[in-house]
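Visitor: Sharing upload11.txt (compact mmCIF, C-alpha atoms and all ligand atoms) below.
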```txt
# COMPACT_ATOMS: atom_id res chain seq x y z
CA MET A 1 88.26 63.38 96.31
CA GLU A 2 91.42 61.28 96.12
CA ASN A 3 94.71 62.70 97.33
CA ARG A 4 97.99 61.11 96.24
CA ALA A 5 100.77 60.89 98.82
CA PRO A 6 103.42 58.28 99.70
CA ALA A 7 102.78 58.41 103.41
CA ILE A 8 100.78 60.35 105.92
CA LEU A 9 102.20 61.63 109.18
CA VAL A 10 99.89 61.80 112.20
CA LEU A 11 101.28 63.58 115.26
CA ASP A 12 99.90 63.66 118.79
CA PHE A 13 100.29 67.05 120.46
CA ASP A 14 100.57 66.97 124.28
CA GLY A 15 103.73 65.16 125.37
CA THR A 16 104.72 64.61 121.74
CA ILE A 17 104.94 67.94 119.87
CA ALA A 18 104.86 69.79 123.21
CA LEU A 19 107.26 68.25 125.72
CA THR A 20 104.59 68.51 128.42
CA ASP A 21 100.82 68.00 128.56
CA VAL A 22 99.61 71.58 128.15
CA GLY A 23 96.05 70.81 129.29
CA ASN A 24 97.41 69.31 132.49
CA GLU A 25 99.72 72.28 132.97
CA ILE A 26 96.74 74.63 132.75
CA CYS A 27 94.87 72.54 135.35
CA GLU A 28 97.98 72.38 137.53
CA ARG A 29 98.28 76.17 137.48
CA PHE A 30 94.61 77.23 137.62
CA ALA A 31 92.68 74.42 139.37
CA PRO A 32 92.78 73.14 142.97
CA PRO A 33 94.87 69.97 143.46
CA SER A 34 91.82 67.69 143.34
CA TRP A 35 91.99 67.77 139.50
CA THR A 36 94.73 65.14 139.64
CA ALA A 37 92.38 62.55 141.20
CA ILE A 38 90.07 62.97 138.20
CA ASN A 39 93.00 62.56 135.80
CA GLU A 40 94.00 59.38 137.66
CA ARG A 41 90.51 57.96 137.12
CA TYR A 42 90.93 58.55 133.37
CA LEU A 43 94.37 56.93 133.36
CA ASN A 44 92.93 53.91 135.26
CA GLY A 45 90.20 53.55 132.65
CA GLU A 46 87.40 54.46 135.11
CA LEU A 47 86.41 57.61 133.19
CA ALA A 48 86.30 58.33 129.47
CA LEU A 49 88.62 61.22 128.57
CA ASN A 50 85.79 63.65 127.81
CA GLU A 51 84.06 62.91 131.13
CA ALA A 52 87.35 63.42 132.96
CA GLN A 53 87.97 66.65 131.05
CA HIS A 54 84.49 68.01 131.85
CA GLN A 55 85.16 67.39 135.55
CA MET A 56 88.73 68.72 135.49
CA TRP A 57 87.91 71.90 133.58
CA SER A 58 84.96 72.69 135.83
CA LEU A 59 87.60 73.25 138.56
CA VAL A 60 89.72 75.64 136.47
CA ARG A 61 89.44 79.41 136.98
CA ALA A 62 91.36 81.43 134.39
CA ASN A 63 90.79 83.84 131.54
CA ALA A 64 92.31 83.66 128.06
CA LYS A 65 94.99 86.22 128.90
CA GLU A 66 96.20 84.22 131.91
CA VAL A 67 96.31 80.99 129.92
CA SER A 68 98.12 82.73 127.02
CA LYS A 69 100.77 83.81 129.47
CA LEU A 70 101.29 80.20 130.56
CA LEU A 71 101.70 79.12 126.92
CA GLU A 72 104.86 81.24 126.72
CA THR A 73 106.56 78.67 128.97
CA VAL A 74 105.68 75.62 126.85
CA ILE A 75 108.64 73.98 125.11
CA LEU A 76 108.18 72.17 121.80
CA ARG A 77 110.12 69.02 120.93
CA PRO A 78 113.42 69.60 119.12
CA GLY A 79 113.37 68.87 115.39
CA LEU A 80 109.72 69.86 114.79
CA GLU A 81 110.53 72.52 112.19
CA ARG A 82 112.87 70.16 110.28
CA LEU A 83 110.34 67.30 110.43
CA LEU A 84 107.62 69.52 108.96
CA ALA A 85 110.04 70.70 106.27
CA ARG A 86 110.88 67.09 105.31
CA ALA A 87 107.18 66.23 105.15
CA THR A 88 106.53 69.22 102.89
CA THR A 89 109.47 68.31 100.63
CA HIS A 90 108.21 64.73 100.21
CA GLY A 91 104.55 65.66 99.81
CA VAL A 92 103.60 63.88 103.03
CA PRO A 93 100.43 65.31 104.59
CA VAL A 94 100.76 66.18 108.27
CA ILE A 95 97.79 65.72 110.60
CA VAL A 96 97.82 66.78 114.25
CA ALA A 97 95.55 64.52 116.31
CA SER A 98 95.04 65.72 119.86
CA GLY A 99 92.93 64.57 122.78
CA GLY A 100 93.67 68.09 124.07
CA PHE A 101 92.35 71.41 122.82
CA ARG A 102 92.58 73.42 119.61
CA TRP A 103 92.78 76.72 121.50
CA TYR A 104 96.34 76.09 122.66
CA VAL A 105 97.39 73.68 119.87
CA GLU A 106 96.86 76.35 117.19
CA ARG A 107 98.52 79.08 119.22
CA LEU A 108 101.60 76.99 119.88
CA LEU A 109 101.83 75.80 116.25
CA ARG A 110 101.11 79.21 114.71
CA PRO A 111 104.47 79.54 112.86
CA TRP A 112 103.90 76.22 111.05
CA LEU A 113 100.15 76.13 110.43
CA SER A 114 100.67 76.41 106.66
CA GLN A 115 102.62 73.10 106.77
CA ILE A 116 99.89 71.23 108.64
CA ASP A 117 97.00 69.79 106.64
CA SER A 118 94.53 69.46 109.48
CA ILE A 119 94.18 69.56 113.22
CA TYR A 120 91.73 67.31 115.06
CA ALA A 121 91.22 68.42 118.65
CA ASN A 122 88.58 69.28 121.22
CA GLU A 123 87.59 72.87 121.89
CA LEU A 124 87.82 75.21 124.88
CA VAL A 125 85.40 78.09 125.33
CA PHE A 126 86.35 80.94 127.67
CA LEU A 127 83.29 82.16 129.61
CA PRO A 128 82.76 85.11 131.96
CA HIS A 129 83.96 84.81 135.58
CA ARG A 130 87.13 82.96 134.49
CA LEU A 131 85.17 79.80 133.69
CA ILE A 132 86.31 77.51 130.87
CA GLN A 133 84.07 75.03 129.10
CA PRO A 134 85.49 72.10 127.11
CA THR A 135 83.47 70.88 124.14
CA PHE A 136 83.90 67.74 122.08
CA PRO A 137 82.89 68.34 118.47
CA HIS A 138 84.03 64.91 117.23
CA LEU A 139 82.07 62.83 119.78
CA SER A 140 79.38 61.72 117.35
CA ARG A 141 81.70 60.60 114.52
CA LEU A 142 85.11 59.75 115.99
CA SER A 143 84.66 58.66 119.62
CA CYS A 144 85.10 55.26 121.27
CA HIS A 145 84.33 54.16 124.86
CA ARG A 146 87.62 55.73 125.93
CA CYS A 147 88.36 58.66 123.60
CA ALA A 148 86.43 61.77 122.53
CA ILE A 149 88.64 61.67 119.44
CA CYS A 150 89.57 58.03 118.91
CA LYS A 151 92.78 58.12 116.91
CA ALA A 152 92.17 54.58 115.57
CA LYS A 153 88.91 55.85 114.06
CA LEU A 154 90.72 58.91 112.78
CA LEU A 155 93.38 56.75 111.08
CA ALA A 156 90.59 54.74 109.43
CA ARG A 157 89.01 57.97 108.19
CA LEU A 158 92.35 59.24 106.86
CA ARG A 159 92.98 55.92 105.05
CA LYS A 160 89.75 56.50 103.12
CA GLN A 161 90.45 60.17 102.54
CA TYR A 162 94.01 59.52 101.31
CA SER A 163 93.27 56.20 99.63
CA SER A 164 96.58 55.94 97.76
CA VAL A 165 98.71 56.32 100.89
CA SER A 166 100.76 53.21 101.59
CA THR A 167 102.18 54.09 104.99
CA MET A 168 100.38 55.55 107.96
CA ILE A 169 103.02 56.93 110.34
CA PHE A 170 101.78 57.65 113.86
CA VAL A 171 103.81 59.49 116.50
CA GLY A 172 102.64 59.65 120.10
CA ASP A 173 103.34 59.27 123.78
CA GLY A 174 100.30 58.55 125.92
CA ALA A 175 97.01 56.88 126.78
CA SER A 176 95.10 58.86 124.13
CA ASP A 177 97.30 57.11 121.53
CA TYR A 178 96.67 53.51 122.65
CA CYS A 179 93.81 52.96 120.20
CA ALA A 180 95.84 54.22 117.23
CA ALA A 181 98.98 52.30 118.16
CA GLN A 182 97.53 49.04 116.85
CA SER A 183 96.42 50.39 113.48
CA ALA A 184 99.44 52.48 112.46
CA ASP A 185 101.84 51.03 109.88
CA THR A 186 104.83 52.71 111.50
CA LEU A 187 104.61 53.61 115.19
CA TYR A 188 106.97 56.10 116.80
CA VAL A 189 106.77 56.36 120.60
CA VAL A 190 108.36 58.98 122.82
CA CYS A 191 111.19 57.21 124.64
CA GLY A 192 110.13 56.21 128.18
CA SER A 193 106.48 57.29 127.69
CA SER A 194 103.42 55.29 128.70
CA LEU A 195 102.83 54.57 124.98
CA HIS A 196 106.37 53.14 124.84
CA MET A 197 105.53 50.73 127.69
CA HIS A 198 102.13 49.95 126.16
CA ALA A 199 103.76 49.04 122.82
CA GLN A 200 106.30 46.83 124.59
CA GLN A 201 103.60 45.07 126.65
CA LEU A 202 101.47 44.38 123.58
CA GLY A 203 104.45 43.37 121.46
CA LEU A 204 103.68 46.09 118.90
CA SER A 205 106.43 46.94 116.45
CA HIS A 206 107.62 50.44 117.35
CA ILE A 207 110.50 52.91 117.20
CA ALA A 208 111.34 54.88 120.36
CA PHE A 209 112.57 58.43 119.75
CA GLU A 210 113.44 61.65 121.54
CA SER A 211 114.11 64.20 118.79
CA PHE A 212 111.87 64.59 115.74
CA ASP A 213 115.10 64.35 113.72
CA SER A 214 114.77 60.55 114.21
CA VAL A 215 111.33 60.42 112.56
CA VAL A 216 111.63 59.29 108.94
CA VAL A 217 108.83 60.29 106.57
CA ALA A 218 110.14 59.02 103.23
MG MG A 301 100.10 62.88 124.23
ZN ZN A 302 89.75 55.07 121.10
```
Could you render the structure as structure tokens?
Ligand SMILES: [Mg+2]
Ligand SMILES: [Zn+2]
Guide:
Amino acid sequence: MENRAPAILVLDFDGTIALTDVGNEICERFAPPSWTAINERYLNGELALNEAQHQMWSLVRANAKEVSKLLETVILRPGLERLLARATTHGVPVIVASGGFRWYVERLLRPWLSQIDSIYANELVFLPHRLIQPTFPHLSRLSCHRCAICKAKLLARLRKQYSSVSTMIFVGDGASDYCAAQSADTLYVVCGSSLHMHAQQLGLSHIAFESFDSVVVA
């Protein structure tokens, strides 16, 4: 099925929509400090993100109620509501592409879910004894050597799905966005983020931003 739209807006979640990395915050609060060494190995490129996440989450002990409580402290980036309203006005589909987890992405975006066309994310399953299991439903179709959800592969899929779209706008901040950064038509990077430095190092055309009010969709 062909969908007509002038542009498509793809937003990262952790560090982009949410000012912090919510997955890391959960680990920080509910896992022993050794989780950070595993995260470092992902950031150095020694571990794929899903391997790192399996190891990190095996250290976490929390139930859904405890994690829900932590979500109350998460702050979303200013301008989100207005950005989604502009996208709706201009008929621009909004896709949330997260290397994090649907469980918290959907809870934090609940007021705006009707304005979001789809969410790609990994899954968290809460088990007895305060154990949490991450699962990676997109591994077989959308992964690369580094990402469980490779956002470059996702952009390629979206280009087919929305074949009349002329501009693929990607907005992100971190290592899980590196693959997509090279295939977006317009790249917005959170000012001072690792994606900002990555774009500068690679000489990729980009726009650094802080508020979503600076993100132009049409
Ligand atoms: Mg991010
Ligand atoms: Zn990738």
Visitor: Return as a list in words every polymer residue, whether protein, DNA or RNA, with at least one atom no more than 9 Å from an atom of ligand MG 301 (chain A); count all atoms listed in the file.
Guide: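 Checking all atoms listed in the file against ligand MG 301 (chain A) at 9 Å gives Asp12, Phe13, Asp14, Gly15, Thr16, Ile17, Ala18, Thr20, Asp21, Ser98, Gly99, Gly100, Gly172, Asp173, Gly174, Ala175, Ser176, Asp177 and Leu195 of chain A.
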Visitor: Enumerate residues in contact with ligand ZN 302 (chain A): an atom-to-atom distance of at most 10 Å, counting all atoms listed in the file. Format the result as a PyMOL selection string.
Guide: chain A and resi 48-49+142-154+175-180
Visitor: Give me the stretch 78-100 of chain A side of the contact with stretch 157-163 of chain A, cut-off 12 Å, one line per residue showing its nearest atom pair and distance in Å at one decimal, counting only C-alpha atoms, sorted by chain and residue number, as JSON lines.
Guide:
```
{"residue": "A:Val92", "atom": "CA", "partner": "A:Tyr162", "partner_atom": "CA", "distance": 10.7}
{"residue": "A:Pro93", "atom": "CA", "partner": "A:Tyr162", "partner_atom": "CA", "distance": 9.2}
{"residue": "A:Val94", "atom": "CA", "partner": "A:Leu158", "partner_atom": "CA", "distance": 11.0}
{"residue": "A:Ile95", "atom": "CA", "partner": "A:Leu158", "partner_atom": "CA", "distance": 9.3}
{"residue": "A:Val96", "atom": "CA", "partner": "A:Leu158", "partner_atom": "CA", "distance": 11.9}
{"residue": "A:Ala97", "atom": "CA", "partner": "A:Leu158", "partner_atom": "CA", "distance": 11.3}
```
Visitor: Do you have the atom CA of A:Val125-atom CA of A:Val171 distance handy?
Guide: 27.6 Å
Visitor: Rounded to one decimal in Å, what is the spacing between atom CA of A:Gln55 and atom CA of A:Ile75?
Guide: 26.5 Å
Visitor: Around all the atoms of stretch 92-95 of chain A listed in the file, with 5 Å of room on each side, what axis-aligned box do you get, giving centre and edge lengths in Å to one decimal, as lines of an AutoDock Vina configuration file?
Guide:
```
center_x = 100.7
center_y = 65.0
center_z = 106.8
size_x = 15.8
size_y = 12.3
size_z = 17.6
```
Visitor: Determine, counting all atoms listed in the file, which protein, DNA and RNA residues have an atom within 12 Å of an atom of A:Leu84; residues of the same chain fewer than 2 positions away are not included. Present the result as a PyMOL selection string.
Guide: chain A and resi 8-11+17+78-82+86-96+109+111-117+212-213+215-217
Visitor: Mind checking which residues fall within 9 Å of A:His129, counting all atoms listed in the file, ignoring those fewer than 4 positions away in the same chain, and posting them as a list in words?
Guide: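 Using all atoms listed in the file, the neighbours found are Arg61, Ala62 and Asn63 of chain A.
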Visitor: Can you tell me how far atom CA of A:Leu71 sits from atom CA of A:Phe136, in Å to one decimal?
Guide: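 These atoms are spaced 21.7 Å apart.
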Visitor: Counting only C-alpha atoms, I want the residues whose atoms come within 12 Å of (86.2, 79.9, 122.7) in the file frame, returned as a PyMOL selection string.
Guide: chain A and resi 63-64+101-104+122-128+131-135
Visitor: For C-alpha atoms, I'd like the residues from the last selection saved as a compact mmCIF listing (two decimals), keeping the file's coordinate frame.
Guide:
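Contents of selection06.txt, as written:
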```txt
# COMPACT_ATOMS: atom_id res chain seq x y z
CA ASN A 63 90.79 83.84 131.54
CA ALA A 64 92.31 83.66 128.06
CA PHE A 101 92.35 71.41 122.82
CA ARG A 102 92.58 73.42 119.61
CA TRP A 103 92.78 76.72 121.50
CA TYR A 104 96.34 76.09 122.66
CA ASN A 122 88.58 69.28 121.22
CA GLU A 123 87.59 72.87 121.89
CA LEU A 124 87.82 75.21 124.88
CA VAL A 125 85.40 78.09 125.33
CA PHE A 126 86.35 80.94 127.67
CA LEU A 127 83.29 82.16 129.61
CA PRO A 128 82.76 85.11 131.96
CA LEU A 131 85.17 79.80 133.69
CA ILE A 132 86.31 77.51 130.87
CA GLN A 133 84.07 75.03 129.10
CA PRO A 134 85.49 72.10 127.11
CA THR A 135 83.47 70.88 124.14
```
Visitor: Which is closer to A:Ser166 than all the others in A:Glu40, A:Lys65, A:Arg141, A:Ala184, using all atoms listed in the file?
Guide: A:Ala184
Visitor: Let me make sure I understand: among A:Phe30, A:Cys191, A:Met56, A:Phe209, which one has the smallest atom-to-atom distance to A:Tyr42 if we use all atoms listed in the file?
Guide: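 Nearest to A:Tyr42: A:Met56.
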Visitor: Could you tell me which of A:Ser164, A:Gln201, A:Ser214, A:Ser183 comes closest to A:Ala7 if we count all atoms listed in the file?
Guide: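 Smallest separation from A:Ala7 among the options: A:Ser164.
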